[in-house]
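Printed here is start07.txt (compact mmCIF, C-alpha atoms and all ligand atoms):
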```txt
# COMPACT_ATOMS: atom_id res chain seq x y z
CA MET S 1 -2.48 13.78 14.98
CA THR S 2 -1.08 10.60 16.50
CA LEU S 3 1.10 8.53 14.18
CA GLU S 4 -0.08 4.92 14.29
CA ILE S 5 2.91 2.58 14.11
CA VAL S 6 2.79 -1.22 13.91
CA VAL S 7 5.89 -3.33 14.55
CA MET S 8 5.77 -6.95 13.40
CA ILE S 9 7.94 -9.19 15.53
CA LYS S 10 8.64 -12.90 15.63
CA GLN S 11 9.84 -15.04 18.52
CA VAL S 12 12.58 -17.36 17.25
CA PRO S 13 14.72 -20.09 18.79
CA ASP S 14 18.10 -18.76 19.95
CA SER S 15 20.35 -19.59 16.99
CA GLN S 16 23.20 -20.54 19.35
CA GLU S 17 21.07 -23.29 20.87
CA VAL S 18 19.23 -24.79 17.87
CA GLU S 19 20.24 -28.35 16.98
CA ILE S 20 19.45 -30.51 13.97
CA ASP S 21 17.49 -33.64 14.91
CA PRO S 22 19.74 -36.50 13.72
CA VAL S 23 16.74 -38.66 12.74
CA THR S 24 14.30 -36.23 11.11
CA LYS S 25 17.05 -33.81 9.96
CA THR S 26 14.79 -30.89 10.89
CA LEU S 27 15.49 -28.09 13.34
CA ASN S 28 14.93 -29.17 16.92
CA ARG S 29 13.41 -25.95 18.23
CA MET S 30 12.18 -27.48 21.49
CA LYS S 31 15.65 -27.58 23.03
CA ALA S 32 16.42 -23.93 22.33
CA ARG S 33 15.50 -20.86 24.38
CA ASN S 34 13.07 -18.56 22.56
CA VAL S 35 14.10 -14.98 21.97
CA LEU S 36 12.95 -11.89 20.09
CA ASN S 37 14.31 -12.01 16.52
CA VAL S 38 17.29 -9.64 16.63
CA ALA S 39 16.42 -7.61 13.50
CA ASP S 40 12.92 -7.09 14.97
CA ASP S 41 14.56 -5.45 17.98
CA ASN S 42 16.22 -3.07 15.48
CA ALA S 43 12.82 -2.48 13.82
CA LEU S 44 11.28 -1.72 17.22
CA GLU S 45 14.13 0.68 18.05
CA ALA S 46 13.54 2.53 14.76
CA ALA S 47 9.85 2.88 15.70
CA LEU S 48 10.63 3.95 19.28
CA SER S 49 13.10 6.59 18.13
CA ILE S 50 10.34 8.11 15.95
CA LYS S 51 8.02 7.99 18.96
CA ASP S 52 10.70 9.85 20.97
CA ARG S 53 10.29 12.79 18.57
CA VAL S 54 6.64 12.80 17.45
CA ASP S 55 3.27 11.89 18.93
CA ALA S 56 3.00 8.19 18.10
CA HIS S 57 1.32 5.00 19.30
CA ILE S 58 3.06 1.65 18.75
CA THR S 59 1.28 -1.69 18.41
CA ILE S 60 3.25 -4.92 18.32
CA VAL S 61 1.75 -7.69 16.16
CA SER S 62 3.07 -11.23 16.11
CA MET S 63 1.84 -14.58 14.85
CA GLY S 64 3.04 -17.54 16.83
CA PRO S 65 2.34 -19.99 19.67
CA PRO S 66 0.92 -18.71 23.00
CA MET S 67 4.42 -18.45 24.53
CA ALA S 68 5.29 -15.76 21.95
CA ASP S 69 3.54 -13.29 24.28
CA GLU S 70 6.87 -13.10 26.17
CA ALA S 71 8.53 -11.45 23.17
CA ILE S 72 5.61 -9.02 22.83
CA LEU S 73 5.81 -8.11 26.53
CA GLU S 74 9.55 -7.49 26.09
CA CYS S 75 8.73 -4.98 23.31
CA MET S 76 6.12 -3.31 25.52
CA GLY S 77 8.73 -3.18 28.31
CA LYS S 78 10.82 -1.06 25.95
CA GLY S 79 8.01 1.37 25.17
CA ALA S 80 5.45 -0.16 22.77
CA ASP S 81 1.88 0.68 23.81
CA ARG S 82 -0.14 -2.37 22.78
CA GLY S 83 0.50 -6.01 21.96
CA VAL S 84 -1.52 -8.38 19.77
CA LEU S 85 -0.70 -12.06 19.34
CA LEU S 86 -2.30 -14.08 16.54
CA THR S 87 -2.46 -17.55 17.92
CA ASP S 88 -4.63 -20.42 16.71
CA ARG S 89 -4.08 -23.96 15.48
CA ALA S 90 -5.34 -22.73 12.10
CA PHE S 91 -2.15 -20.64 11.70
CA ALA S 92 0.18 -23.62 12.26
CA GLY S 93 2.42 -24.85 9.44
CA ALA S 94 2.27 -21.54 7.57
CA ASP S 95 4.84 -20.66 4.95
CA THR S 96 5.56 -17.01 4.27
CA TYR S 97 2.48 -16.40 2.08
CA PRO S 98 -0.25 -17.05 4.69
CA THR S 99 1.99 -15.52 7.38
CA GLY S 100 1.93 -12.22 5.44
CA LEU S 101 -1.78 -12.62 4.71
CA ALA S 102 -2.71 -13.19 8.37
CA LEU S 103 -0.54 -10.29 9.55
CA ALA S 104 -2.05 -7.99 6.91
CA ALA S 105 -5.58 -9.03 8.00
CA ALA S 106 -4.67 -8.27 11.63
CA ILE S 107 -3.23 -4.85 10.72
CA THR S 108 -6.38 -4.06 8.71
CA LYS S 109 -8.45 -4.97 11.76
CA LEU S 110 -6.41 -2.55 13.91
CA GLY S 111 -7.92 0.27 11.82
CA LYS S 112 -5.63 3.22 11.08
CA TYR S 113 -1.96 2.47 10.38
CA ASP S 114 0.71 4.87 9.09
CA LEU S 115 3.99 3.04 9.47
CA ILE S 116 4.52 -0.72 9.62
CA PHE S 117 7.95 -1.89 10.69
CA ALA S 118 9.48 -5.34 10.18
CA GLY S 119 12.95 -6.77 10.54
CA GLU S 120 14.90 -7.50 7.32
CA GLU S 121 14.60 -11.24 8.00
CA THR S 122 14.38 -13.79 10.79
CA SER S 123 17.20 -15.94 12.10
CA ASP S 124 15.20 -19.19 11.84
CA SER S 125 13.73 -19.10 8.31
CA SER S 126 15.49 -16.01 6.90
CA THR S 127 13.39 -15.53 3.78
CA GLY S 128 12.81 -11.77 4.12
CA HIS S 129 9.41 -12.32 2.47
CA VAL S 130 7.05 -11.28 5.22
CA GLY S 131 7.53 -7.47 5.34
CA PRO S 132 7.23 -7.00 1.54
CA GLY S 133 4.39 -9.58 1.52
CA VAL S 134 2.38 -7.55 4.03
CA ALA S 135 2.91 -4.40 1.91
CA GLU S 136 1.60 -6.23 -1.14
CA PHE S 137 -1.45 -7.66 0.68
CA LEU S 138 -2.28 -4.19 2.00
CA GLY S 139 -1.52 -2.56 -1.39
CA ILE S 140 0.83 0.04 0.13
CA GLU S 141 4.39 1.33 -0.44
CA GLN S 142 7.45 -0.36 1.02
CA ILE S 143 11.00 0.75 1.83
CA THR S 144 13.22 -2.28 2.42
CA TYR S 145 16.70 -2.87 3.87
CA THR S 146 16.88 0.44 5.70
CA HIS S 147 19.63 1.41 8.12
CA SER S 148 17.97 4.66 9.11
CA VAL S 149 14.38 5.90 9.10
CA GLU S 150 13.06 9.39 9.80
CA PHE S 151 9.57 10.85 9.82
CA GLU S 152 9.54 14.49 8.65
CA ASP S 153 6.80 16.81 7.36
CA GLY S 154 4.38 13.92 6.89
CA TYR S 155 6.85 11.77 4.94
CA VAL S 156 8.86 8.67 5.83
CA ILE S 157 12.48 8.94 4.72
CA GLY S 158 14.38 5.69 4.65
CA GLU S 159 18.06 5.16 3.81
CA ARG S 160 18.39 1.82 2.04
CA GLU S 161 21.69 -0.01 2.01
CA LEU S 162 22.54 -1.26 -1.47
CA GLU S 163 25.56 -3.31 -2.56
CA ASP S 164 27.28 -0.28 -4.05
CA GLY S 165 25.87 2.63 -2.09
CA VAL S 166 22.93 4.10 -0.26
CA GLU S 167 19.53 4.99 -1.71
CA ILE S 168 17.34 7.56 0.04
CA VAL S 169 13.63 6.96 -0.45
CA ARG S 170 10.78 9.24 0.60
CA ALA S 171 7.25 7.87 0.86
CA LYS S 172 3.91 9.07 2.10
CA PRO S 173 2.30 6.83 4.71
CA PRO S 174 0.97 4.22 4.93
CA VAL S 175 4.26 2.45 4.24
CA VAL S 176 6.01 -0.76 5.28
CA VAL S 177 9.65 -0.31 6.33
CA THR S 178 12.02 -3.24 6.81
CA VAL S 179 15.03 -2.59 9.02
CA LEU S 180 18.48 -4.11 8.72
CA LEU S 181 20.00 -6.24 11.44
CA GLY S 182 22.35 -3.99 13.46
CA ALA S 183 20.83 -0.76 12.07
CA ASN S 184 20.80 0.75 15.57
CA ILE S 185 21.44 -0.09 19.21
CA PRO S 186 18.16 -1.29 20.73
CA ARG S 187 17.26 0.20 24.09
CA ARG S 188 16.69 -1.91 27.20
CA GLN S 189 13.41 -2.45 29.02
CA THR S 190 12.71 -0.26 32.03
CA LEU S 191 11.16 -1.59 35.22
CA ARG S 192 8.26 0.88 35.04
CA LYS S 193 7.43 -0.06 31.43
CA LYS S 194 7.78 -3.78 32.24
CA ILE S 195 5.24 -3.42 35.04
CA ASP S 196 2.91 -1.41 32.77
CA ALA S 197 3.23 -4.11 30.10
CA ILE S 198 2.27 -6.89 32.52
CA ARG S 199 -0.70 -4.81 33.73
CA LYS S 200 -1.91 -4.17 30.16
CA GLY S 201 -1.24 -7.73 28.97
CA VAL S 202 -1.21 -9.02 25.41
CA GLU S 203 -4.43 -9.38 23.38
CA THR S 204 -4.81 -12.74 21.70
CA TRP S 205 -6.64 -12.99 18.40
CA THR S 206 -7.73 -16.18 16.67
CA ILE S 207 -8.75 -16.82 13.07
CA GLN S 208 -12.32 -15.79 14.03
CA ASN S 209 -11.09 -12.31 14.99
CA LEU S 210 -9.49 -11.84 11.57
CA GLY S 211 -12.66 -12.65 9.64
CA ILE S 212 -10.85 -14.62 6.91
CA PRO S 213 -11.45 -18.27 6.00
CA ALA S 214 -9.30 -20.82 7.90
CA GLU S 215 -8.23 -22.39 4.55
CA TRP S 216 -6.40 -19.18 3.64
CA VAL S 217 -3.89 -19.52 6.49
CA GLY S 218 -1.61 -22.11 8.08
CA PHE S 219 -0.63 -25.31 6.32
CA LYS S 220 -3.73 -25.31 4.09
CA GLY S 221 -3.01 -21.82 2.80
CA SER S 222 0.69 -22.53 2.13
CA PRO S 223 1.72 -22.98 -1.50
CA THR S 224 5.20 -24.38 -0.64
CA ILE S 225 6.15 -27.79 0.74
CA VAL S 226 9.54 -28.77 2.15
CA ARG S 227 10.28 -32.08 0.36
CA SER S 228 13.56 -32.86 2.09
CA MET S 229 16.41 -31.39 4.08
CA LYS S 230 20.09 -32.28 3.92
CA THR S 231 22.82 -31.74 6.44
CA ILE S 232 25.86 -30.40 4.63
CA LYS S 233 29.13 -31.93 5.82
CA GLU S 234 31.75 -29.24 6.24
CA LYS S 235 35.08 -29.84 4.54
CA GLU S 236 37.67 -31.04 7.01
CA ARG S 237 40.29 -28.46 7.90
CA ALA S 238 43.85 -29.25 8.85
CA ALA S 239 46.65 -27.25 10.43
CA LYS S 240 50.28 -27.93 9.57
CA MET S 241 53.37 -26.37 11.14
CA VAL S 242 56.16 -25.63 8.65
CA ARG S 243 59.64 -24.16 8.96
CA VAL S 244 60.47 -21.02 6.92
CA GLU S 245 62.61 -23.03 4.44
CA GLU S 246 59.61 -25.37 3.79
CA ILE S 247 57.19 -22.58 2.76
CA GLY S 248 58.14 -22.76 -0.94
CA GLY S 249 57.39 -26.51 -1.02
CA LEU S 250 54.10 -26.03 0.83
CA VAL S 251 52.97 -23.33 -1.64
CA ARG S 252 53.82 -25.63 -4.59
CA GLU S 253 51.91 -28.50 -2.91
CA LEU S 254 48.81 -26.36 -2.25
CA ALA S 255 48.90 -24.93 -5.79
CA GLY S 256 49.34 -28.45 -7.21
CA ASN S 257 46.23 -29.60 -5.30
CA GLY S 258 44.26 -26.62 -6.60
CA ILE S 259 43.79 -25.23 -3.07
CA ILE S 260 45.49 -21.91 -3.83
CA ASN S 261 46.13 -20.02 -7.04
CA VAL S 262 49.70 -18.88 -7.59
CA GLU S 263 49.87 -16.23 -10.27
CA ALA S 264 53.28 -14.61 -9.68
CA GLU S 265 56.40 -16.37 -11.04
CA GLU S 266 58.78 -17.64 -8.37
CA LYS S 267 62.09 -15.77 -8.64
C1 LIG W 301 9.33 -23.34 1.99
C2 LIG W 301 8.98 -23.05 3.42
C3 LIG W 301 8.17 -23.94 4.12
C4 LIG W 301 7.89 -23.73 5.47
N1 LIG W 301 7.10 -24.63 6.12
C5 LIG W 301 6.83 -24.42 7.42
C6 LIG W 301 6.04 -25.34 8.12
O1 LIG W 301 5.59 -26.35 7.59
N2 LIG W 301 5.82 -25.09 9.43
C7 LIG W 301 6.30 -23.97 10.04
O2 LIG W 301 6.04 -23.77 11.24
N3 LIG W 301 7.03 -23.07 9.39
C8 LIG W 301 7.32 -23.28 8.10
N4 LIG W 301 8.09 -22.38 7.44
C9 LIG W 301 8.56 -21.22 8.16
C10 LIG W 301 7.56 -20.11 8.06
O3 LIG W 301 7.19 -19.87 6.76
C11 LIG W 301 8.20 -18.85 8.54
O4 LIG W 301 8.67 -18.99 9.83
C12 LIG W 301 7.25 -17.68 8.52
O5 LIG W 301 6.45 -17.64 7.39
C13 LIG W 301 8.00 -16.38 8.58
O6 LIG W 301 8.96 -16.38 7.56
P1 LIG W 301 10.43 -15.98 7.88
O7 LIG W 301 10.77 -16.52 9.22
O8 LIG W 301 11.27 -16.33 6.72
O9 LIG W 301 10.29 -14.41 8.03
P2 LIG W 301 11.03 -13.26 7.23
O10 LIG W 301 10.28 -12.95 6.00
O11 LIG W 301 12.50 -13.53 7.13
O12 LIG W 301 10.75 -12.15 8.30
C14 LIG W 301 10.89 -10.76 8.02
C15 LIG W 301 10.21 -9.99 9.11
O13 LIG W 301 8.81 -10.20 9.05
C16 LIG W 301 8.26 -10.21 10.36
N5 LIG W 301 7.71 -11.52 10.67
C17 LIG W 301 8.07 -12.73 10.17
N6 LIG W 301 7.32 -13.71 10.70
C18 LIG W 301 6.48 -13.10 11.56
C19 LIG W 301 5.46 -13.56 12.44
N7 LIG W 301 5.14 -14.86 12.54
N8 LIG W 301 4.79 -12.65 13.19
C20 LIG W 301 5.08 -11.33 13.09
N9 LIG W 301 6.03 -10.84 12.29
C21 LIG W 301 6.72 -11.71 11.54
C22 LIG W 301 9.42 -9.88 11.30
O14 LIG W 301 9.49 -8.49 11.45
C23 LIG W 301 10.62 -10.38 10.52
O15 LIG W 301 11.84 -9.80 10.89
C24 LIG W 301 8.40 -22.59 6.12
C25 LIG W 301 9.18 -21.69 5.40
C26 LIG W 301 9.49 -21.91 4.07
C27 LIG W 301 10.35 -20.92 3.32
```

Let me see the file written as structure tokens.
Amino acid sequence: MTLEIVVMIKQVPDSQEVEIDPVTKTLNRMKARNVLNVADDNALEAALSIKDRVDAHITIVSMGPPMADEAILECMGKGADRGVLLTDRAFAGADTYPTGLALAAAITKLGKYDLIFAGEETSDSSTGHVGPGVAEFLGIEQITYTHSVEFEDGYVIGERELEDGVEIVRAKPPVVVTVLLGANIPRRQTLRKKIDAIRKGVETWTIQNLGIPAEWVGFKGSPTIVRSMKTIKEKERAAKMVRVEEIGGLVRELAGNGIINVEAEEK
């Protein structure tokens, strides 16, 4: 029996190139190159390494503007079998709630699904809501913050990284698994798979394909509103060269200004 795997990916602006618009104080995404969210590459690698061992079929699902098909094709160039892009003006302005809802509706429309992978969070909004949100909308189990995922004897076994250790969770599919940034080393695309991906192409679905009301998604379906954004001014840093005999004075000065804490008595 073929294991049906879905990987949710998002195209994000390259964090090295994003600038803050000095007037609107919002992210100026237009100037940045768009790339596959890095944790999603780790999620894809986790899915592909399962497909290396068992009979599996991988579908990439993404919600975004038409140009997001590039990121989907990149995933297909690495070995995913099918790509679906949810793109429609109705999806614009979504916060994480309708994003999860639309993705869950798309996954339901795909039919059978056993494993749904997501990254732990994105580099542009970084809420980490979407994977768990999709699990809730679908009413299925979730294993979050995993650094390793196996599929054995019909069960998904995920190792979750906690602050003070590792938790090993076993769940019966269908299950959503979110994968930590850096959990693995993502493979590269191959020329053959890239050509296959271009031949197959990416399917585009609109709100009509999902069969849910337009008011449930996008800006209208979003319960949160960003009221304002502030640019935080970093504290100025200074470097000062001191001679060895001046170190004692410098320590007293820094302690006096509350910059460092000196607990030991000077002898
Ligand atoms: C308060 C608030 C208001 C916002 N308002 C707007 C707005 O007005 N306009 C606007 O454009 N955006 C807005 N956003 C951003 C938008 O909500 C997010 O980009 C989107 O919902 C995904 O959330 P995220 O990036 O935090 O994903 P996370 O939850 O951090 O992502 C986790 C994982 O879920 C999957 N995933 C996330 N997004 C997608 C996707 N689109 N397709 C497929 N898989 C995905 C990926 O695997 C990803 O690694 C807002 C966000 C917040 C928190």

Report as JSON the centre and the edge lengths, in Å to one decimal, of the axis-aligned box holding every listed atom of ligand LIG 301 (chain W), padded by 6 Å on each side.
```
{"center_x": 8.6, "center_y": -17.4, "center_z": 7.6, "size_x": 19.7, "size_y": 29.9, "size_z": 23.2}
```

Taking only C-alpha atoms and all ligand atoms into account, report as a count of residues only which residues have an atom no farther than 8 Å from an atom of ligand LIG 301 (chain W).
-> 46

Q. Which one is closest to His147 of chain S: S:Ala46, S:Ala238, S:Ala171, S:Ala80? Count only C-alpha atoms.
A.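 For His147 of chain S, the nearest of the candidates is S:Ala46.
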
Q. Which value, in Å to one decimal, gives the distance between atom CA of Thr204 of chain S and atom CA of Asp88 of chain S?
A.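 Interatomic distance, atom CA of Thr204 of chain S to atom CA of Asp88 of chain S: 9.2 Å.
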
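From atom CA of Ile232 of chain S back to atom CA of Asp21 of chain S, the distance works out to 13.6 Å.
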
Atom CA of Thr190 of chain S to atom CA of Gly77 of chain S, distance in Å rounded to a single decimal: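 That distance, rounded to one decimal, is 6.2 Å.
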
Got a sec: who's within 8 Å of Arg187 of chain S, counting only C-alpha atoms, leaving out chain neighbours fewer than 2 positions off, as a PDB file with C-alpha atoms, in the frame of the given file?
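Resulting contents of out_39.pdb:
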```pdb
ATOM      1  CA  GLU S  45      14.130   0.680  18.050  1.00  0.00           C
ATOM      2  CA  LYS S  78      10.820  -1.060  25.950  1.00  0.00           C
ATOM      3  CA  ILE S 185      21.440  -0.090  19.210  1.00  0.00           C
ATOM      4  CA  GLN S 189      13.410  -2.450  29.020  1.00  0.00           C
TER       5      GLN S 189
END
```

Within 6 Å of Val175 of chain S, counting all atoms listed in the file, which residues show up once you throw out same-chain ones fewer than 2 positions away? Write them as a list of chain:residue names, please.
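So the residues in contact are S:Leu115, S:Ile140, S:Glu141, S:Gln142, S:Pro173.
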
Would you list the residues near (-5.1, -8.5, 5.2), meaning any protein, DNA or RNA residue with an atom at most 9 Å from that point in file coordinates, counting all atoms listed in the file, as a list in words?
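Here the neighbourhood of the point contains Gly100, Leu101, Ala102, Leu103, Ala104, Ala105, Ala106, Ile107, Thr108, Lys109, Val134, Phe137, Leu138, Leu210 and Ile212 of chain S.
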
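Proximity ranking of S:Glu74, S:Val18, S:Ala32, S:Ile5 relative to His57 of chain S places S:Ile5 first, based on only C-alpha atoms.
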